[in-house]
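Working notes, beginning with the structure itself.
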Amino acid sequence: MKLATYKDASRDGQLVVVSRDLSTAHYATGIANRLQQVLDDWRFMAPQLQDLYELLNSGKARHAFAFDPARCMAPLPRAYQWVSGPAYASHIERLRSLPAADLPAGLYAEPLLRQGSSDGFIGPRDDVVLASEAGGIDFEAQLAVITGDVLMGASPEQALAGIRLLMLGSDICLRSLGVLQGRPMTAFGPVAVTPDEAGDAWRQGRLGLGLQTTWNGRKVGLCDAGEGMTFHFGQLLSHLCKTRPVSAGSIVGAGPVSHADWRQGYNCIAEKRAVETADTGQPTTRFMQFGDTLRIEVKGKNGQSLFGAIEQEITPPA
């Protein structure tokens, strides 16, 4: 099934069920008002939402309405925690521009997760409002999962069973600032989907579909999100709960989708600049500026958008 959260002037919005083709939606009122409620009681509420989803897809839902991504918040507007990869070794290799022997110890043995701010995400059509262009504005187009409860010490296989929903994400980065100030906000696509919606493209914790990034109307990346993924989502989640349990409503991202084949493009500017520096001694691609636009999308094998698109503009404060 596919779930979204509509803006309603509250912090957590209103949960809606969205049709498979993203054309119609139906409020989940009567089952749950917010997505976190569903995650807290998944076994009881998810089957009810699935029934509504099937009714919506059949065209028989009486109170269905046209789905509007512009009205969406992030599917889970705030989370208990938000951690992210990178899960793609090629991304680290390019950013470090170092031979494999000089890369961080354990690069290929375990993920390098980082904790991000989770007290409020921005919606898929919200402007990215930043105080200045001087920070080196970048994006990280990636995939993420929302979890159920996962026990401390869970194996990668056990952790995979704790994944409830898949999402599309964009982490906004300020490359010249530190770890705290350098990641001011994260956006997620309009719709979160259960793994079965991806069909056989979801295999062993990887989504084998192309993630397309368009910057100012120009396609800069179309990478297979599964093919180059060093650590799958089960491994990421297992590493997170190595010394602690993970609560339902946590989000785990895989970092910018990357691939060893550079012809597939890039999903963060820093990676492109690192390649340019390695080739010519200096970067030539600029970071983002006010007025720049960004579009990120994943399409299924049927050609339809799986999560809907993230479409944003970089803007100064009003």
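Residue numbering restarts at 1 for every chain of the structure tokens, chains are lettered A, B, ... in their displayed order, and ligands are numbered from 1 as they appear.
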
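These are the residues of range 41-157 of chain A assigned strand (DSSP E) by DSSP from backbone coordinates: A:Phe65, A:Ala66, A:Gln81, A:Trp82, A:Val83, A:Ser84, A:Arg114, A:Gln115, A:Gly116, A:Val128, A:Val129, A:Ile137, A:Asp138, A:Phe139, A:Glu140, A:Ala141, A:Gln142, A:Leu143, A:Ala144, A:Val145, A:Ile146, A:Thr147.
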
Selection to disk with C-alpha atoms, as a PDB file, in the first residue's frame:
```
ATOM      1  CA  PHE A  65     -10.486  12.558  -4.019  1.00  0.00           C
ATOM      2  CA  ALA A  66      -7.728  13.591  -6.401  1.00  0.00           C
ATOM      3  CA  GLN A  81      15.399   9.096  15.044  1.00  0.00           C
ATOM      4  CA  TRP A  82      16.909   9.687  11.605  1.00  0.00           C
ATOM      5  CA  VAL A  83      20.196   8.065  10.663  1.00  0.00           C
ATOM      6  CA  SER A  84      21.803   7.785   7.270  1.00  0.00           C
ATOM      7  CA  ARG A 114      25.499   9.318  11.100  1.00  0.00           C
ATOM      8  CA  GLN A 115      22.696  10.732  13.225  1.00  0.00           C
ATOM      9  CA  GLY A 116      20.624  13.574  11.781  1.00  0.00           C
ATOM     10  CA  VAL A 128      14.386  24.815   0.795  1.00  0.00           C
ATOM     11  CA  VAL A 129      14.806  28.038   2.758  1.00  0.00           C
ATOM     12  CA  ILE A 137      24.528  24.081  -0.858  1.00  0.00           C
ATOM     13  CA  ASP A 138      24.335  20.456  -1.945  1.00  0.00           C
ATOM     14  CA  PHE A 139      21.769  17.662  -2.114  1.00  0.00           C
ATOM     15  CA  GLU A 140      21.945  13.947  -1.375  1.00  0.00           C
ATOM     16  CA  ALA A 141      19.296  12.023  -3.323  1.00  0.00           C
ATOM     17  CA  GLN A 142      18.686   8.750  -1.561  1.00  0.00           C
ATOM     18  CA  LEU A 143      16.336   6.002  -0.424  1.00  0.00           C
ATOM     19  CA  ALA A 144      15.214   5.439   3.151  1.00  0.00           C
ATOM     20  CA  VAL A 145      13.098   3.048   5.217  1.00  0.00           C
ATOM     21  CA  ILE A 146      10.743   3.526   8.149  1.00  0.00           C
ATOM     22  CA  THR A 147      11.046   0.833  10.801  1.00  0.00           C
TER      23      THR A 147
END
```

ask   = If we count only C-alpha atoms, what is near range 175-187 of chain A at a cut-off of 6 Å, once residues fewer than 6 positions away on the same chain are taken out, given as an MDAnalysis selection string?
value = chainID A and resid 121:124 135:136 169

task = Return the single residue from A:Ala318, A:Leu240, A:Cys72, A:Leu222 that is closest to Pro256 in chain A, with distances computed using only C-alpha atoms.
result =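 The answer is A:Leu222, which sits nearest to Pro256 in chain A.
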
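Interatomic distance, CA of Cys241 in chain A to CA of Gly189 in chain A: 25.5 Å.
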
note = Using only C-alpha atoms, the shortest atom-to-atom distance to Val275 in chain A among A:Ala260, A:Tyr53, A:Leu166, A:Leu209 belongs to A:Ala260

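Contact shell of Thr315 in chain A at 9 Å (only C-alpha atoms; same-chain neighbours under 6 positions omitted): Asp127, Val128, Val129, Leu130, Ala131, Gln289, Phe290, Gly291 and Asp292 of chain A.
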
Write to file, as an mmCIF file, in the first residue's frame, the residues of the selection just made, with all heavy atoms.
```
data_model
loop_
_atom_site.group_PDB
_atom_site.id
_atom_site.type_symbol
_atom_site.label_atom_id
_atom_site.label_comp_id
_atom_site.auth_asym_id
_atom_site.auth_seq_id
_atom_site.Cartn_x
_atom_site.Cartn_y
_atom_site.Cartn_z
ATOM 1 N N ASP A 127 9.673 24.722 -0.324
ATOM 2 C CA ASP A 127 10.926 25.388 -0.658
ATOM 3 C C ASP A 127 11.997 25.042 0.370
ATOM 4 O O ASP A 127 11.704 24.846 1.562
ATOM 5 C CB ASP A 127 10.737 26.905 -0.683
ATOM 6 C CG ASP A 127 9.939 27.381 -1.890
ATOM 7 O OD1 ASP A 127 9.853 26.629 -2.881
ATOM 8 O OD2 ASP A 127 9.402 28.513 -1.833
ATOM 9 N N VAL A 128 13.239 24.980 -0.093
ATOM 10 C CA VAL A 128 14.386 24.815 0.795
ATOM 11 C C VAL A 128 14.866 26.217 1.153
ATOM 12 O O VAL A 128 15.509 26.890 0.351
ATOM 13 C CB VAL A 128 15.507 24.009 0.108
ATOM 14 C CG1 VAL A 128 16.725 23.916 1.013
ATOM 15 C CG2 VAL A 128 15.006 22.616 -0.252
ATOM 16 N N VAL A 129 14.511 26.668 2.343
ATOM 17 C CA VAL A 129 14.806 28.038 2.758
ATOM 18 C C VAL A 129 16.110 28.052 3.557
ATOM 19 O O VAL A 129 16.207 27.437 4.625
ATOM 20 C CB VAL A 129 13.660 28.616 3.604
ATOM 21 C CG1 VAL A 129 13.975 30.059 4.018
ATOM 22 C CG2 VAL A 129 12.335 28.550 2.842
ATOM 23 N N LEU A 130 17.108 28.770 3.026
ATOM 24 C CA LEU A 130 18.421 28.845 3.657
ATOM 25 C C LEU A 130 18.829 30.299 3.830
ATOM 26 O O LEU A 130 18.465 31.168 3.033
ATOM 27 C CB LEU A 130 19.461 28.111 2.809
ATOM 28 C CG LEU A 130 19.223 26.602 2.631
ATOM 29 C CD1 LEU A 130 20.166 26.030 1.586
ATOM 30 C CD2 LEU A 130 19.385 25.870 3.957
ATOM 31 N N ALA A 131 19.608 30.560 4.861
ATOM 32 C CA ALA A 131 19.984 31.936 5.177
ATOM 33 C C ALA A 131 20.989 32.510 4.188
ATOM 34 O O ALA A 131 21.038 33.728 3.979
ATOM 35 C CB ALA A 131 20.557 32.003 6.591
ATOM 36 N N GLN A 289 22.518 27.443 -5.847
ATOM 37 C CA GLN A 289 22.304 28.845 -5.530
ATOM 38 C C GLN A 289 20.809 29.115 -5.404
ATOM 39 O O GLN A 289 19.976 28.297 -5.805
ATOM 40 C CB GLN A 289 22.905 29.729 -6.638
ATOM 41 C CG GLN A 289 24.400 29.550 -6.829
ATOM 42 C CD GLN A 289 24.942 30.327 -8.019
ATOM 43 O OE1 GLN A 289 24.186 30.865 -8.825
ATOM 44 N NE2 GLN A 289 26.260 30.389 -8.128
ATOM 45 N N PHE A 290 20.471 30.273 -4.863
ATOM 46 C CA PHE A 290 19.068 30.661 -4.767
ATOM 47 C C PHE A 290 18.440 30.663 -6.166
ATOM 48 O O PHE A 290 19.036 31.157 -7.127
ATOM 49 C CB PHE A 290 18.928 32.041 -4.137
ATOM 50 C CG PHE A 290 19.329 32.097 -2.683
ATOM 51 C CD1 PHE A 290 19.929 33.226 -2.165
ATOM 52 C CD2 PHE A 290 19.095 31.019 -1.842
ATOM 53 C CE1 PHE A 290 20.291 33.288 -0.831
ATOM 54 C CE2 PHE A 290 19.456 31.057 -0.500
ATOM 55 C CZ PHE A 290 20.062 32.196 0.010
ATOM 56 N N GLY A 291 17.255 30.114 -6.268
ATOM 57 C CA GLY A 291 16.564 30.007 -7.545
ATOM 58 C C GLY A 291 16.769 28.671 -8.237
ATOM 59 O O GLY A 291 16.029 28.346 -9.171
ATOM 60 N N ASP A 292 17.761 27.899 -7.789
ATOM 61 C CA ASP A 292 17.980 26.574 -8.374
ATOM 62 C C ASP A 292 16.830 25.646 -8.008
ATOM 63 O O ASP A 292 16.221 25.765 -6.934
ATOM 64 C CB ASP A 292 19.290 25.966 -7.867
ATOM 65 C CG ASP A 292 20.505 26.521 -8.571
ATOM 66 O OD1 ASP A 292 20.354 27.478 -9.351
ATOM 67 O OD2 ASP A 292 21.615 25.999 -8.345
#
```

Proximity to Arg218 in chain A - best of A:Gly249, A:Gly265, A:Gly85, A:Pro195, only C-alpha atoms = A:Gly265

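CA of Gln264 in chain A lies 20.3 Å from CA of Thr280 in chain A.
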
task = Write out as a ChimeraX atom specification which residues come within 9 Å of range 19-34 of chain A when counting only C-alpha atoms, dropping same-chain ones fewer than 2 positions away.
result = /A:1-5,12-17,36-38,45,48-49,52-54,56-57,61-69,76,191,197,304-308

inquiry  = Report as a PyMOL selection string all protein, DNA and RNA residues lying within 9 Å of Ala201 in chain A, evaluated on only C-alpha atoms, omitting residues in the same chain fewer than 3 positions from it.
reply    = chain A and resi 198+206-209+226+300-301

inquiry  = At a cut-off of 6 Å, using only C-alpha atoms, what residues contact Gly162 in chain A? Leave out same-chain residues fewer than 2 positions from it and give the result as a PyMOL selection string.
reply    = chain A and resi 147-148+150+159-160

ask   = What is the distance between CA of Ala74 in chain A and CA of Ile92 in chain A, in Å to one decimal?
value =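 Result for CA of Ala74 in chain A versus CA of Ile92 in chain A: 27.5 Å, one decimal.
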
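Distances to Thr277 in chain A were evaluated for A:Met167, A:Ala161, A:Ala134, A:Leu95 using only C-alpha atoms, and the minimum falls at A:Leu95.
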
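Of the listed residues A:His259, A:Glu227, A:Gln282, A:Glu133, the one whose atoms come nearest to Cys173 in chain A is A:Glu133, with distances taken using only C-alpha atoms.
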
Step one, run DSSP on the backbone; step two, keep only residues of range 4-145 of chain A assigned to helix (DSSP H, G or I); then write them as a PDB file with C-alpha atoms, in the first residue's frame.
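Wrote it out as result_36.pdb, contents follow:
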```pdb
ATOM      1  CA  LEU A  35       1.280   7.477  10.472  1.00  0.00           C
ATOM      2  CA  GLN A  36       3.022   7.059  13.835  1.00  0.00           C
ATOM      3  CA  GLN A  37      -0.168   5.507  15.232  1.00  0.00           C
ATOM      4  CA  VAL A  38      -0.006   2.862  12.506  1.00  0.00           C
ATOM      5  CA  LEU A  39       3.669   2.145  13.147  1.00  0.00           C
ATOM      6  CA  ASP A  40       2.963   1.729  16.868  1.00  0.00           C
ATOM      7  CA  TRP A  42       1.155  -2.171  12.772  1.00  0.00           C
ATOM      8  CA  ARG A  43      -0.299  -5.670  13.040  1.00  0.00           C
ATOM      9  CA  PHE A  44      -3.763  -4.332  13.863  1.00  0.00           C
ATOM     10  CA  MET A  45      -3.952  -1.200  11.688  1.00  0.00           C
ATOM     11  CA  ALA A  46      -1.986  -2.152   8.579  1.00  0.00           C
ATOM     12  CA  PRO A  47      -4.516  -4.801   7.422  1.00  0.00           C
ATOM     13  CA  GLN A  48      -7.325  -2.244   7.741  1.00  0.00           C
ATOM     14  CA  LEU A  49      -5.388   0.275   5.679  1.00  0.00           C
ATOM     15  CA  GLN A  50      -4.642  -2.441   3.137  1.00  0.00           C
ATOM     16  CA  ASP A  51      -8.382  -3.098   2.759  1.00  0.00           C
ATOM     17  CA  LEU A  52      -8.974   0.620   2.151  1.00  0.00           C
ATOM     18  CA  TYR A  53      -6.091   0.672  -0.321  1.00  0.00           C
ATOM     19  CA  GLU A  54      -7.592  -2.183  -2.340  1.00  0.00           C
ATOM     20  CA  LEU A  55     -10.997  -0.485  -2.311  1.00  0.00           C
ATOM     21  CA  LEU A  56      -9.388   2.744  -3.516  1.00  0.00           C
ATOM     22  CA  ASN A  57      -7.583   0.959  -6.366  1.00  0.00           C
ATOM     23  CA  PRO A  69       1.473  16.031  -3.783  1.00  0.00           C
ATOM     24  CA  ALA A  70       1.679  19.779  -3.120  1.00  0.00           C
ATOM     25  CA  ARG A  71      -0.476  19.246  -0.019  1.00  0.00           C
ATOM     26  CA  ALA A  89      31.348   2.596  -1.064  1.00  0.00           C
ATOM     27  CA  SER A  90      31.839   4.339  -4.419  1.00  0.00           C
ATOM     28  CA  HIS A  91      30.463   7.546  -2.883  1.00  0.00           C
ATOM     29  CA  ILE A  92      33.074   7.524  -0.109  1.00  0.00           C
ATOM     30  CA  GLU A  93      35.848   6.551  -2.494  1.00  0.00           C
ATOM     31  CA  ARG A  94      35.107   9.534  -4.742  1.00  0.00           C
ATOM     32  CA  LEU A  95      34.738  12.037  -1.900  1.00  0.00           C
ATOM     33  CA  ARG A  96      38.007  10.943  -0.355  1.00  0.00           C
ATOM     34  CA  ALA A 100      41.478   1.978  -1.292  1.00  0.00           C
ATOM     35  CA  ALA A 101      44.365   1.424   1.136  1.00  0.00           C
ATOM     36  CA  ASP A 102      43.946   4.973   2.510  1.00  0.00           C
TER      37      ASP A 102
END
```
